[in-house]
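K.L.:
My structure file data-v5.csv, CSV, C-alpha atoms, is below:
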```
chain,number,residue,atom,x,y,z
L,546,MET,CA,-15.5,44.4,24.3
L,547,MET,CA,-16.6,47.1,21.8
L,548,PHE,CA,-13.6,46.2,19.6
L,549,PHE,CA,-14.6,42.5,19.5
L,550,SER,CA,-18.2,43.4,18.8
L,551,ILE,CA,-17.3,45.6,15.9
L,552,LEU,CA,-14.9,43.0,14.6
L,553,SER,CA,-17.5,40.3,14.8
L,554,GLN,CA,-19.7,42.4,12.5
L,555,TRP,CA,-17.1,42.4,9.8
L,556,VAL,CA,-15.5,39.0,10.3
L,557,GLY,CA,-17.8,36.0,10.4
L,558,ILE,CA,-17.2,32.3,11.0
L,559,LYS,CA,-16.9,31.7,7.2
L,560,ASP,CA,-14.0,34.2,7.0
L,561,LEU,CA,-12.2,32.6,9.9
L,562,VAL,CA,-12.6,29.1,8.3
L,563,ASP,CA,-11.4,30.6,5.0
L,564,VAL,CA,-8.2,32.1,6.7
L,565,LEU,CA,-7.6,28.8,8.5
L,566,LEU,CA,-7.8,26.7,5.3
L,567,VAL,CA,-5.4,29.1,3.5
L,568,ALA,CA,-3.0,29.0,6.4
L,569,THR,CA,-3.1,25.2,6.4
L,570,LEU,CA,-2.5,25.0,2.7
L,571,LEU,CA,0.4,27.4,2.9
L,572,TYR,CA,1.9,25.4,5.7
L,573,TYR,CA,1.7,22.1,3.8
L,574,ILE,CA,3.3,23.8,0.7
L,575,TYR,CA,6.1,25.3,2.9
L,576,ARG,CA,6.8,22.0,4.6
L,577,THR,CA,6.8,20.0,1.3
L,578,MET,CA,9.3,22.5,-0.2
L,579,ARG,CA,11.4,22.6,3.0
L,580,ASP,CA,11.6,18.8,3.2
L,581,SER,CA,12.5,18.4,-0.5
L,582,GLY,CA,15.3,21.0,-0.4
L,583,ALA,CA,13.5,23.2,-2.9
L,584,LEU,CA,12.5,26.0,-0.5
L,585,SER,CA,15.0,28.5,-2.0
L,586,VAL,CA,13.5,27.9,-5.5
L,587,PHE,CA,10.0,28.3,-4.2
L,588,ALA,CA,11.0,31.6,-2.4
L,589,GLY,CA,12.4,32.8,-5.8
L,590,VAL,CA,9.1,32.2,-7.5
L,591,LEU,CA,7.2,34.0,-4.7
L,592,ALA,CA,9.6,37.0,-5.1
L,593,PHE,CA,9.0,37.1,-8.8
L,594,VAL,CA,5.2,37.1,-8.3
L,595,LEU,CA,5.5,39.8,-5.7
L,596,ALA,CA,7.6,41.9,-8.0
L,597,TRP,CA,5.0,41.5,-10.7
L,598,ALA,CA,2.2,42.5,-8.4
L,599,VAL,CA,4.0,45.6,-7.3
L,600,ALA,CA,5.1,46.7,-10.7
L,601,TYR,CA,1.9,45.9,-12.6
L,602,LYS,CA,-0.9,46.3,-10.1
L,603,ILE,CA,0.4,49.0,-7.7
L,604,PHE,CA,2.7,51.3,-9.8
L,605,ASP,CA,1.0,50.5,-13.1
L,606,MET,CA,4.3,50.0,-15.0
L,607,VAL,CA,2.7,48.8,-18.3
L,608,LEU,CA,5.8,47.7,-20.2
L,609,ILE,CA,7.6,45.7,-17.5
L,610,GLY,CA,4.2,44.6,-16.2
L,611,THR,CA,3.2,43.2,-19.6
L,612,ILE,CA,6.5,41.3,-20.0
L,613,MET,CA,6.2,39.8,-16.5
L,614,ASP,CA,2.5,39.0,-17.2
L,615,LYS,CA,3.5,36.8,-20.1
L,616,PHE,CA,6.0,35.0,-17.9
L,617,ILE,CA,3.2,34.5,-15.3
L,618,ASP,CA,0.9,33.0,-18.0
L,619,ILE,CA,3.4,30.3,-19.0
L,620,GLY,CA,4.8,30.1,-15.5
L,621,ILE,CA,2.1,27.7,-14.3
L,622,PHE,CA,3.2,25.0,-16.7
L,623,ILE,CA,6.8,25.6,-15.9
L,624,LEU,CA,6.0,25.3,-12.2
L,625,VAL,CA,4.2,22.0,-12.7
L,626,ILE,CA,7.2,20.6,-14.6
L,627,LEU,CA,9.7,22.1,-12.1
L,628,PHE,CA,7.9,20.9,-9.0
L,629,GLN,CA,6.3,17.8,-10.2
L,630,ASP,CA,7.9,15.6,-7.5
L,631,GLN,CA,6.9,18.1,-4.8
L,632,ILE,CA,3.3,18.4,-6.1
L,633,ARG,CA,2.9,14.6,-6.1
L,634,ARG,CA,4.3,14.3,-2.6
L,635,PHE,CA,2.1,17.2,-1.4
L,636,LEU,CA,-1.1,15.6,-2.8
L,637,SER,CA,-0.1,12.2,-1.6
L,638,GLU,CA,0.5,13.5,2.0
L,639,LEU,CA,-2.7,15.5,1.9
L,640,GLY,CA,-4.7,12.5,1.0
L,641,SER,CA,-3.0,10.0,3.3
L,642,GLN,CA,-4.0,9.0,6.8
L,643,ARG,CA,-1.1,11.1,8.1
L,644,GLY,CA,-2.4,14.2,6.4
L,645,TRP,CA,-6.0,13.7,7.7
L,646,GLY,CA,-4.7,12.8,11.1
L,647,ILE,CA,-3.3,16.4,11.7
L,648,ILE,CA,-6.4,17.2,13.9
L,649,GLY,CA,-5.8,14.3,16.1
L,650,LYS,CA,-2.2,15.2,16.7
L,651,PHE,CA,-3.3,18.2,18.8
L,652,PHE,CA,-4.9,15.8,21.3
L,653,LYS,CA,-1.8,13.6,21.7
L,654,HIS,CA,0.4,13.9,24.7
L,655,ARG,CA,4.1,14.7,24.1
L,656,THR,CA,6.2,11.6,24.0
L,657,GLY,CA,8.9,11.5,26.7
L,658,ASP,CA,12.5,11.5,25.8
L,659,ASP,CA,12.9,7.9,26.9
L,660,ASP,CA,10.4,6.8,24.3
L,661,VAL,CA,11.9,9.0,21.6
L,662,HIS,CA,15.4,7.6,22.2
L,663,SER,CA,14.5,4.0,23.0
L,664,TRP,CA,15.9,2.8,19.7
L,665,ILE,CA,19.3,4.4,20.2
L,666,LEU,CA,20.8,1.6,22.3
L,667,PRO,CA,20.1,-1.2,19.8
L,668,VAL,CA,21.7,0.9,17.1
L,669,VAL,CA,24.7,1.6,19.2
L,670,ASN,CA,25.1,-2.0,20.2
L,671,ALA,CA,24.9,-3.1,16.6
L,672,CYS,CA,27.5,-0.6,15.5
L,673,SER,CA,29.8,-1.7,18.3
L,674,ARG,CA,29.7,-5.4,17.2
L,675,MET,CA,29.9,-4.5,13.5
L,676,SER,CA,33.0,-2.3,14.3
L,677,LYS,CA,34.7,-5.3,15.9
L,678,SER,CA,34.0,-7.6,13.0
L,679,LYS,CA,34.7,-4.8,10.4
L,680,THR,CA,31.3,-5.1,8.9
L,681,GLY,CA,30.5,-2.1,6.7
L,682,ALA,CA,27.3,-0.2,7.5
L,683,LEU,CA,25.4,3.0,6.7
L,684,ILE,CA,22.5,3.9,8.9
L,685,VAL,CA,20.5,7.1,8.3
L,686,VAL,CA,18.1,8.5,10.9
L,687,GLN,CA,15.3,10.7,9.6
L,688,GLN,CA,14.3,13.7,11.7
L,689,GLN,CA,12.1,16.6,10.5
L,690,SER,CA,13.2,16.5,6.9
L,691,LEU,CA,11.5,13.6,5.1
L,692,LEU,CA,13.6,11.1,3.2
L,693,ASP,CA,10.9,9.5,1.2
L,694,ASP,CA,12.8,10.0,-2.1
L,695,TYR,CA,15.5,7.8,-0.8
L,696,VAL,CA,13.2,5.4,1.1
L,697,TYR,CA,11.5,4.3,-2.2
L,698,THR,CA,14.9,3.4,-3.8
L,699,GLY,CA,15.2,0.5,-1.4
L,700,ASP,CA,13.0,-2.2,0.2
L,701,ILE,CA,10.4,-0.9,2.7
L,702,ILE,CA,10.2,-3.2,5.7
L,703,ASP,CA,8.8,-1.1,8.6
L,704,ALA,CA,10.4,-3.4,11.1
L,705,ALA,CA,11.0,-2.9,14.8
L,706,ILE,CA,14.5,-1.8,15.6
L,707,ASN,CA,16.8,-4.4,17.2
L,708,SER,CA,20.5,-5.0,17.0
L,709,ARG,CA,20.3,-8.5,15.5
L,710,LEU,CA,18.2,-7.2,12.6
L,711,ILE,CA,20.7,-4.4,11.9
L,712,GLU,CA,23.6,-6.8,12.0
L,713,ASN,CA,21.9,-9.3,9.7
L,714,ILE,CA,21.0,-6.6,7.1
L,715,PHE,CA,24.7,-5.5,6.9
L,716,PHE,CA,26.1,-9.0,7.0
L,717,LYS,CA,28.6,-9.3,4.2
L,718,ASN,CA,26.7,-12.0,2.3
L,719,SER,CA,23.4,-10.2,2.6
L,720,PRO,CA,22.1,-8.8,-0.7
L,721,LEU,CA,21.2,-5.5,1.0
L,722,HIS,CA,24.4,-4.8,2.8
L,723,ASP,CA,25.7,-2.3,0.3
L,724,GLY,CA,22.7,0.0,0.5
L,725,ALA,CA,21.7,2.4,3.4
L,726,MET,CA,19.3,1.6,6.2
L,727,ILE,CA,16.8,4.4,6.9
L,728,ILE,CA,15.3,4.7,10.4
L,729,ALA,CA,12.1,6.8,10.6
L,730,ASP,CA,9.4,7.2,13.2
L,731,GLY,CA,11.0,4.7,15.5
L,732,VAL,CA,11.2,1.8,13.0
L,733,VAL,CA,13.5,0.5,10.3
L,734,ARG,CA,11.7,2.1,7.4
L,735,ALA,CA,13.7,0.8,4.5
L,736,VAL,CA,17.0,-1.0,3.7
L,737,GLY,CA,19.1,-1.2,0.6
L,738,CYS,CA,18.5,2.5,-0.1
L,739,ILE,CA,20.5,4.6,-2.6
L,740,LEU,CA,21.7,7.9,-1.4
L,741,PRO,CA,23.3,10.9,-3.2
L,742,VAL,CA,27.0,10.8,-3.3
L,743,TYR,CA,29.1,13.9,-2.2
L,744,HIS,CA,31.4,14.9,-5.1
L,745,ASP,CA,33.2,17.9,-3.7
L,746,LYS,CA,36.6,18.0,-1.8
L,747,PHE,CA,36.6,15.2,0.7
L,748,PRO,CA,39.3,13.2,2.6
L,749,SER,CA,40.7,10.7,0.2
L,750,HIS,CA,40.9,7.8,2.6
L,751,LEU,CA,37.1,7.8,3.1
L,752,GLY,CA,35.0,5.5,1.0
L,753,LEU,CA,31.7,5.6,-0.8
L,754,ARG,CA,29.6,5.1,2.3
L,755,HIS,CA,31.2,8.2,3.9
L,756,ARG,CA,30.5,10.2,0.7
L,757,ALA,CA,26.9,9.0,0.7
L,758,ALA,CA,26.5,9.9,4.4
L,759,MET,CA,27.8,13.4,3.6
L,760,GLY,CA,25.5,13.7,0.6
L,761,VAL,CA,22.3,12.9,2.5
L,762,THR,CA,23.1,15.1,5.5
L,763,GLN,CA,24.0,18.2,3.5
L,764,ASN,CA,20.5,19.2,2.6
L,765,SER,CA,18.5,17.6,5.5
L,766,ASP,CA,18.7,17.4,9.3
L,767,ALA,CA,19.2,13.6,9.1
L,768,ILE,CA,22.0,12.0,11.0
L,769,ALA,CA,24.1,9.3,9.2
L,770,ILE,CA,26.2,6.7,11.0
L,771,VAL,CA,29.0,4.9,9.1
L,772,VAL,CA,30.9,1.8,10.1
L,773,SER,CA,34.0,1.4,8.0
L,774,GLU,CA,34.5,-2.0,6.3
L,775,GLU,CA,38.3,-1.5,6.1
L,776,THR,CA,39.1,-0.2,9.6
L,777,GLY,CA,36.0,-0.8,11.7
L,778,ASN,CA,36.0,2.9,12.7
L,779,ILE,CA,32.6,4.4,13.6
L,780,SER,CA,31.8,7.9,12.3
L,781,TYR,CA,28.7,10.1,12.1
L,782,PHE,CA,27.6,12.9,9.9
L,783,TYR,CA,25.2,15.7,10.7
L,784,LYS,CA,24.3,18.9,8.7
L,785,GLY,CA,27.2,18.5,6.3
L,786,GLU,CA,29.8,18.0,9.1
L,787,TYR,CA,31.6,14.8,9.9
L,788,HIS,CA,33.0,13.3,13.1
L,789,LEU,CA,35.4,10.5,12.3
L,790,ARG,CA,36.8,7.6,14.2
L,791,LEU,CA,34.9,8.0,17.5
L,792,ALA,CA,37.1,7.0,20.4
L,793,LYS,CA,34.4,5.2,22.2
L,794,VAL,CA,31.0,3.7,21.3
L,795,ALA,CA,29.6,5.8,24.2
L,796,ASP,CA,30.5,8.9,22.2
L,797,LEU,CA,28.0,7.7,19.5
L,798,GLU,CA,25.3,7.2,22.0
L,799,ASP,CA,25.9,10.7,23.5
L,800,ALA,CA,25.8,12.3,20.1
L,801,LEU,CA,22.5,10.6,19.1
L,802,SER,CA,20.9,11.5,22.4
L,803,LYS,CA,21.7,15.1,21.9
L,804,ILE,CA,20.9,15.4,18.2
L,805,VAL,CA,17.9,13.2,17.7
L,806,GLN,CA,14.6,15.2,18.0
L,807,PRO,CA,11.0,14.0,18.5
L,808,THR,CA,9.2,13.4,15.2
L,809,ASN,CA,6.5,15.8,13.9
L,810,GLU,CA,3.7,13.7,15.5
L,811,GLU,CA,5.3,13.9,18.9
L,812,THR,CA,6.1,17.6,18.9
L,813,LEU,CA,2.5,18.8,18.1
```
Do you think you could lay out the structure here as structure tokens?

P.N.:
Amino acid sequence: MMFFSILSQWVGIKDLVDVLLVATLLYYIYRTMRDSGALSVFAGVLAFVLAWAVAYKIFDMVLIGTIMDKFIDIGIFILVILFQDQIRRFLSELGSQRGWGIIGKFFKHRTGDDDVHSWILPVVNACSRMSKSKTGALIVVQQQSLLDDYVYTGDIIDAAINSRLIENIFFKNSPLHDGAMIIADGVVRAVGCILPVYHDKFPSHLGLRHRAAMGVTQNSDAIAIVVSEETGNISYFYKGEYHLRLAKVADLEDALSKIVQPTNEETL
């Protein structure tokens, strides 16, 4: 009790709020960098600032400190240019309803696995029928890593997930069948999306959809499902690894059930 009474004399409510705001700000910055794949660059910047503080402020190394100090002066403008997309996303998320709703998330009950995975069966059924008709398809399921950069390259529809919708989107005469479908937060977020193409060594018999699936899953925790237009084979990609020519459609359902995680709103 004596410890807490002494602590309360030195730390007030204002200090606690100050620490909480700083922690929240750092969390948002970290999450934005993590989701954009720029976390390693951001860590390098922090390491440079830490080295400058140690050399100049603690050990008083004037020469190296002065040189690094000049880099710090112009570094603000460099960071704005380097992280302009991340800064825009950070401010957009902070001012959005999703950003302000963070307090309400703590009062939400955790969604059961049945609700989280309720969309899996329609996706699996659609892939099964498209496989039989050899209809090419590329479906990406967003998890913790946001895919907004790819979402905005396509048409945002925010539609409920059902197998007929998926089949109609990828119908050969549909204007959107060549792009990717992105599923996020339990809805079809966007269709006709453009994904990064993987250019490194890759099996030669796999096409552009497979390369795009590999590209989007390399730097995120998304899962990508591909139905081959030539063979009708179903494959899925996760964290830069591919699983080709699934023997049974049930294998896809099992894989999705094991890999797919609750969204951020559901885990808080």

K.L.:
Using CA of Leu797 (chain L) and CA of Tyr783 (chain L) as the two end points, give the distance in Å to one decimal.

P.N.:
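The value is 12.2 Å.
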
K.L.:
Please, what distance in Å, to one decimal, runs between CA of Ser690 (chain L) and CA of Phe587 (chain L)?

P.N.:
16.5 Å

K.L.:
What does the structure give for the distance between CA of Ser708 (chain L) and CA of Val733 (chain L), in Å to one decimal?

P.N.:
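CA of Val733 (chain L) lies at a distance of 11.1 Å from CA of Ser708 (chain L).
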
K.L.:
Per residue of region 672-738 of chain L within 12 Å of region 788-795 of chain L, note the shortest atom pair and the distance in Å to one decimal, counting all atoms listed in the file, and order the rows by chain and increasing residue number, as a Markdown table.

P.N.:
```
| residue | atom | partner | partner_atom | distance |
| --- | --- | --- | --- | --- |
| L:Cys672 | CA | L:Val794 | CA | 8.0 |
| L:Ser673 | CA | L:Val794 | CA | 6.3 |
| L:Arg674 | CA | L:Val794 | CA | 10.1 |
| L:Met675 | CA | L:Val794 | CA | 11.4 |
| L:Ser676 | CA | L:Val794 | CA | 9.4 |
| L:Lys677 | CA | L:Val794 | CA | 11.1 |
```

K.L.:
Which residues, written as an MDAnalysis selection string, have at least one atom at most 12 Å from Tyr781 (chain L), with all atoms listed in the file counted and residues fewer than 5 positions away on the same chain left out?

P.N.:
chainID L and resid 669 672 682:686 754:759 761:762 767:773 786:791 794 796:801 804

K.L.:
The selected residues should be written to file as a compact mmCIF listing (two decimals), keeping the file's coordinate frame (atoms: C-alpha atoms).

P.N.:
```
# COMPACT_ATOMS: atom_id res chain seq x y z
CA VAL L 669 24.70 1.60 19.20
CA CYS L 672 27.50 -0.60 15.50
CA ALA L 682 27.30 -0.20 7.50
CA LEU L 683 25.40 3.00 6.70
CA ILE L 684 22.50 3.90 8.90
CA VAL L 685 20.50 7.10 8.30
CA VAL L 686 18.10 8.50 10.90
CA ARG L 754 29.60 5.10 2.30
CA HIS L 755 31.20 8.20 3.90
CA ARG L 756 30.50 10.20 0.70
CA ALA L 757 26.90 9.00 0.70
CA ALA L 758 26.50 9.90 4.40
CA MET L 759 27.80 13.40 3.60
CA VAL L 761 22.30 12.90 2.50
CA THR L 762 23.10 15.10 5.50
CA ALA L 767 19.20 13.60 9.10
CA ILE L 768 22.00 12.00 11.00
CA ALA L 769 24.10 9.30 9.20
CA ILE L 770 26.20 6.70 11.00
CA VAL L 771 29.00 4.90 9.10
CA VAL L 772 30.90 1.80 10.10
CA SER L 773 34.00 1.40 8.00
CA GLU L 786 29.80 18.00 9.10
CA TYR L 787 31.60 14.80 9.90
CA HIS L 788 33.00 13.30 13.10
CA LEU L 789 35.40 10.50 12.30
CA ARG L 790 36.80 7.60 14.20
CA LEU L 791 34.90 8.00 17.50
CA VAL L 794 31.00 3.70 21.30
CA ASP L 796 30.50 8.90 22.20
CA LEU L 797 28.00 7.70 19.50
CA GLU L 798 25.30 7.20 22.00
CA ASP L 799 25.90 10.70 23.50
CA ALA L 800 25.80 12.30 20.10
CA LEU L 801 22.50 10.60 19.10
CA ILE L 804 20.90 15.40 18.20
```

K.L.:
Which is closer to Met726 (chain L) than all the others in L:Gly699, L:Gly752, L:Gly620, L:Gly681, using all atoms listed in the file?

P.N.:
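Closest to Met726 (chain L) of all the choices is L:Gly699.
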
K.L.:
Tell me which protein, DNA and RNA residues are within 9 Å of Ala735 (chain L), counting all atoms listed in the file, leaving out same-chain ones fewer than 3 positions away, and put them as a ChimeraX atom specification.

P.N.:
/L:695-704,725-729,732,738

K.L.:
Which residue gives the smallest distance to Leu740 (chain L) among L:Leu565, L:Leu692, L:Ile714, L:Val607, with all atoms listed in the file counted?

P.N.:
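Nearest to Leu740 (chain L): L:Leu692.
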
K.L.:
Under the rule that all atoms listed in the file are counted, which of L:Leu721, L:Leu753, L:Ala568, L:Ile779 is the nearest residue to Asn670 (chain L)?

P.N.:
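Of the candidates, the smallest distance to Asn670 (chain L) is held by L:Ile779.
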
K.L.:
Extract region 666-757 of chain L from the preceding block and save C-alpha atoms as a short mmCIF file (atom, residue, chain, number, x, y, z; two decimals), in the first residue's frame.

P.N.:
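Saved as result_14.cif:
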```cif
data_model
loop_
_atom_site.label_atom_id
_atom_site.label_comp_id
_atom_site.auth_asym_id
_atom_site.auth_seq_id
_atom_site.Cartn_x
_atom_site.Cartn_y
_atom_site.Cartn_z
CA LEU L 666 -18.72 -23.33 -47.52
CA PRO L 667 -20.09 -20.97 -50.23
CA VAL L 668 -16.53 -20.32 -51.43
CA VAL L 669 -15.71 -24.03 -51.50
CA ASN L 670 -18.93 -24.87 -53.35
CA ALA L 671 -18.26 -22.16 -55.92
CA CYS L 672 -14.69 -23.39 -56.44
CA SER L 673 -15.97 -26.95 -56.88
CA ARG L 674 -18.40 -25.96 -59.64
CA MET L 675 -15.88 -23.65 -61.35
CA SER L 676 -13.36 -26.49 -61.27
CA LYS L 677 -15.77 -28.79 -63.12
CA SER L 678 -16.52 -26.13 -65.76
CA LYS L 679 -12.85 -25.04 -65.93
CA THR L 680 -13.69 -21.47 -65.04
CA GLY L 681 -10.58 -19.57 -63.97
CA ALA L 682 -10.77 -17.79 -60.62
CA LEU L 683 -8.55 -16.01 -58.09
CA ILE L 684 -9.97 -15.40 -54.61
CA VAL L 685 -7.96 -13.71 -51.86
CA VAL L 686 -9.04 -13.84 -48.22
CA GLN L 687 -7.78 -10.98 -46.07
CA GLN L 688 -6.79 -11.73 -42.49
CA GLN L 689 -4.82 -9.47 -40.13
CA SER L 690 -2.76 -7.80 -42.87
CA LEU L 691 -4.88 -5.19 -44.63
CA LEU L 692 -5.13 -5.39 -48.42
CA ASP L 693 -6.54 -1.91 -49.02
CA ASP L 694 -3.88 -1.08 -51.62
CA TYR L 695 -5.21 -3.92 -53.77
CA VAL L 696 -8.87 -3.38 -52.89
CA TYR L 697 -8.84 0.12 -54.40
CA THR L 698 -7.51 -1.17 -57.73
CA GLY L 699 -10.81 -2.96 -58.32
CA ASP L 700 -14.53 -2.33 -57.87
CA ILE L 701 -15.71 -2.21 -54.25
CA ILE L 702 -19.04 -4.00 -53.83
CA ASP L 703 -19.20 -5.08 -50.13
CA ALA L 704 -21.60 -7.88 -51.02
CA ALA L 705 -22.71 -10.86 -48.98
CA ILE L 706 -20.81 -14.01 -49.86
CA ASN L 707 -22.69 -16.67 -51.80
CA SER L 708 -21.58 -19.21 -54.36
CA ARG L 709 -23.75 -17.86 -57.20
CA LEU L 710 -22.22 -14.39 -56.89
CA ILE L 711 -18.71 -15.83 -57.01
CA GLU L 712 -19.51 -17.93 -60.08
CA ASN L 713 -21.11 -14.97 -61.87
CA ILE L 714 -18.12 -12.74 -61.16
CA PHE L 715 -15.70 -15.27 -62.68
CA PHE L 716 -17.96 -16.27 -65.59
CA LYS L 717 -15.86 -16.14 -68.76
CA ASN L 718 -17.92 -13.35 -70.34
CA SER L 719 -17.89 -11.21 -67.19
CA PRO L 720 -15.77 -8.03 -67.48
CA LEU L 721 -14.34 -8.71 -64.01
CA HIS L 722 -13.34 -12.35 -64.40
CA ASP L 723 -9.66 -11.62 -65.07
CA GLY L 724 -9.10 -9.75 -61.79
CA ALA L 725 -8.97 -11.02 -58.23
CA MET L 726 -11.81 -11.14 -55.73
CA ILE L 727 -10.91 -9.97 -52.22
CA ILE L 728 -12.91 -11.23 -49.25
CA ALA L 729 -12.57 -9.19 -46.05
CA ASP L 730 -14.58 -8.99 -42.81
CA GLY L 731 -17.00 -11.66 -43.99
CA VAL L 732 -18.04 -9.94 -47.24
CA VAL L 733 -16.89 -9.75 -50.84
CA ARG L 734 -15.00 -6.48 -50.44
CA ALA L 735 -13.93 -5.92 -54.03
CA VAL L 736 -13.66 -7.63 -57.42
CA GLY L 737 -11.50 -7.11 -60.48
CA CYS L 738 -8.50 -6.28 -58.29
CA ILE L 739 -4.92 -6.10 -59.55
CA LEU L 740 -2.33 -8.01 -57.51
CA PRO L 741 1.49 -7.99 -57.56
CA VAL L 742 2.94 -10.69 -59.80
CA TYR L 743 5.64 -12.99 -58.50
CA HIS L 744 8.68 -12.84 -60.82
CA ASP L 745 11.16 -15.22 -59.18
CA LYS L 746 11.66 -18.90 -59.98
CA PHE L 747 8.27 -20.57 -60.30
CA PRO L 748 6.86 -23.75 -61.91
CA SER L 749 6.61 -23.00 -65.63
CA HIS L 750 3.26 -24.72 -66.08
CA LEU L 751 1.52 -22.28 -63.70
CA GLY L 752 -0.11 -19.18 -65.14
CA LEU L 753 -0.57 -15.53 -64.21
CA ARG L 754 -3.25 -16.19 -61.60
CA HIS L 755 -0.89 -18.49 -59.71
CA ARG L 756 1.92 -15.92 -59.87
CA ALA L 757 -0.43 -13.23 -58.57
#
```
